[in-house]
Amino acid sequence: MKFIEAEEKDIPLIQNLAKRSWESAYAEILSPEQIVYMLRTMYSENEIMKQMQNADYHYYLIFNEIDRSFEGFIGYEHRYEDYTTKLHRIYLVPESKGQGIGKAAIDFLKVKVAAGSDRKIILNVNKNNAAKKFYESQGFTVFNEVVLDIGSGFTMDDYEMEFYVTGV
């Protein structure tokens, strides 16, 4: 597994990986209309470009060197809050789940965070998303519940989770 820092030219690939992942991960959780809305707003070329222009925001593509295929991506932001990195996005294509790729991505993030000044990683996960159990298996714990208005009559009903980084 190789983590490749994404560049502007990779935006269409990120959009494609997000669409493939979301169509599987959220099919039973969100309405098709909300999935389309969120992909269109959160993964627009302008939105991703704006994030890439932020020196603290990083996208990494997850590349399977054996199959020579992209399996997903991770997007995170250092200094989101004091001493805190926010994991905004970690998505894998459906056929790559259960192969240890998600764990490798979280381990990669933990090392990146430990190398800097941040000491905590936070993330949001939909309350009905099975990924919550995965995050718990990686040491994350729930610290809050939120319902966020994301516009156009849609909301996100999430758990906020955290992990404290110590000498990874």
# chains A, B, ... in the order shown; residues from 1 in each chain; ligands from 1
call {"tool": "residues_around", "arguments": {"residues": "range 21-29 of chain A", "least_positions_apart": "5", "cutoff": "7 Å", "atoms": "only C-alpha atoms", "output": "list in words"}}
result
Tyr91, Leu92, Val93, Pro94 and Asn128 of chain A
call {"tool": "residues_around", "arguments": {"residues": "Lys86 in chain A", "least_positions_apart": "3", "cutoff": "6 Å", "atoms": "only C-alpha atoms", "output": "list of chain:residue names"}}
result
A:Tyr76, A:Glu77, A:Tyr80, A:Ile121, A:Ile122, A:Leu123
call {"tool": "select_by_dssp", "arguments": {"residues": "range 111-162 of chain A", "states": "strand (DSSP E)", "output": "JSON list (two decimals) with C-alpha atoms, in the first residue's frame"}}
result
[["chain", "number", "residue", "atom", "x", "y", "z"],
["A", 120, "LYS", "CA", -5.63, 14.65, 18.95],
["A", 121, "ILE", "CA", -7.54, 13.44, 15.89],
["A", 122, "ILE", "CA", -11.26, 14.10, 15.62],
["A", 123, "LEU", "CA", -13.81, 12.92, 13.07],
["A", 124, "ASN", "CA", -17.53, 12.77, 12.41],
["A", 125, "VAL", "CA", -19.33, 9.54, 11.52],
["A", 126, "ASN", "CA", -23.00, 9.09, 10.69],
["A", 141, "THR", "CA", -14.14, 7.07, 21.24],
["A", 142, "VAL", "CA", -17.37, 9.05, 20.95],
["A", 143, "PHE", "CA", -17.27, 12.40, 22.73],
["A", 144, "ASN", "CA", -20.35, 14.13, 21.31],
["A", 145, "GLU", "CA", -23.45, 13.80, 19.15],
["A", 146, "VAL", "CA", -24.41, 16.47, 16.61],
["A", 147, "VAL", "CA", -27.10, 17.17, 14.06],
["A", 148, "LEU", "CA", -25.74, 19.54, 11.42],
["A", 149, "ASP", "CA", -27.82, 21.47, 8.91],
["A", 150, "ILE", "CA", -25.96, 21.14, 5.61],
["A", 151, "GLY", "CA", -28.44, 23.09, 3.49],
["A", 154, "PHE", "CA", -30.61, 18.03, 4.58],
["A", 155, "THR", "CA", -28.89, 17.26, 7.87],
["A", 156, "MET", "CA", -26.04, 15.08, 9.08],
["A", 157, "ASP", "CA", -26.80, 13.11, 12.26],
["A", 158, "ASP", "CA", -23.33, 12.23, 13.52],
["A", 159, "TYR", "CA", -21.18, 11.04, 16.35],
["A", 160, "GLU", "CA", -18.03, 13.06, 16.95],
["A", 161, "MET", "CA", -15.13, 10.78, 17.80],
["A", 162, "GLU", "CA", -11.61, 11.44, 19.06]]
call {"tool": "closest_residue", "arguments": {"among": "A:Lys50, A:Gln138, A:Tyr83, A:Arg119", "to": "Asp107 in chain A", "atoms": "only C-alpha atoms"}}
result
A:Gln138
call {"tool": "closest_residue", "arguments": {"among": "A:Ser31, A:Thr166, A:Gln15, A:Ser69", "to": "Ser44 in chain A", "atoms": "only C-alpha atoms"}}
result
A:Gln15
call {"tool": "atom_distance", "arguments": {"atom1": "CA of Ile90 in chain A", "atom2": "CA of Ala55 in chain A"}}
result
18.8 Å
call {"tool": "select_by_dssp", "arguments": {"residues": "range 25-105 of chain A", "states": "alpha helix (DSSP H)", "output": "short mmCIF file (atom, residue, chain, number, x, y, z; two decimals) with C-alpha atoms, in the first residue's frame"}}
result
data_model
loop_
_atom_site.label_atom_id
_atom_site.label_comp_id
_atom_site.auth_asym_id
_atom_site.auth_seq_id
_atom_site.Cartn_x
_atom_site.Cartn_y
_atom_site.Cartn_z
CA ALA A 25 -21.50 3.15 2.05
CA PRO A 32 -30.31 9.23 -3.06
CA GLU A 33 -31.10 12.95 -3.19
CA GLN A 34 -28.93 13.69 -0.15
CA ILE A 35 -26.06 11.62 -1.56
CA VAL A 36 -26.20 13.56 -4.85
CA TYR A 37 -26.42 16.88 -2.96
CA MET A 38 -23.48 16.09 -0.68
CA LEU A 39 -21.28 14.79 -3.49
CA ARG A 40 -22.09 17.84 -5.60
CA THR A 41 -21.31 20.32 -2.81
CA MET A 42 -18.58 18.61 -0.76
CA GLU A 45 -13.85 20.83 -8.09
CA ASN A 46 -13.90 24.28 -6.46
CA GLU A 47 -14.36 22.84 -2.95
CA ILE A 48 -11.53 20.32 -3.30
CA MET A 49 -9.29 22.96 -4.90
CA LYS A 50 -9.95 25.36 -2.01
CA GLN A 51 -9.01 22.63 0.48
CA MET A 52 -5.83 21.78 -1.45
CA ILE A 101 -6.56 -0.71 3.92
CA GLY A 102 -8.64 1.42 6.30
CA LYS A 103 -6.42 0.42 9.23
CA ALA A 104 -3.33 1.28 7.17
CA ALA A 105 -4.83 4.70 6.37
#
call {"tool": "atom_distance", "arguments": {"atom1": "CA of Lys9 in chain A", "atom2": "CA of Gly72 in chain A"}}
result
15.9 Å
call {"tool": "residues_around", "arguments": {"residues": "Phe70 in chain A", "least_positions_apart": "5", "cutoff": "12 Å", "atoms": "only C-alpha atoms", "output": "ChimeraX atom specification"}}
result
/A:1-4,6,10,13-14,16-18,20,60-65,91-96,101
call {"tool": "atom_distance", "arguments": {"atom1": "CA of His58 in chain A", "atom2": "CA of Ile74 in chain A"}}
result
8.0 Å
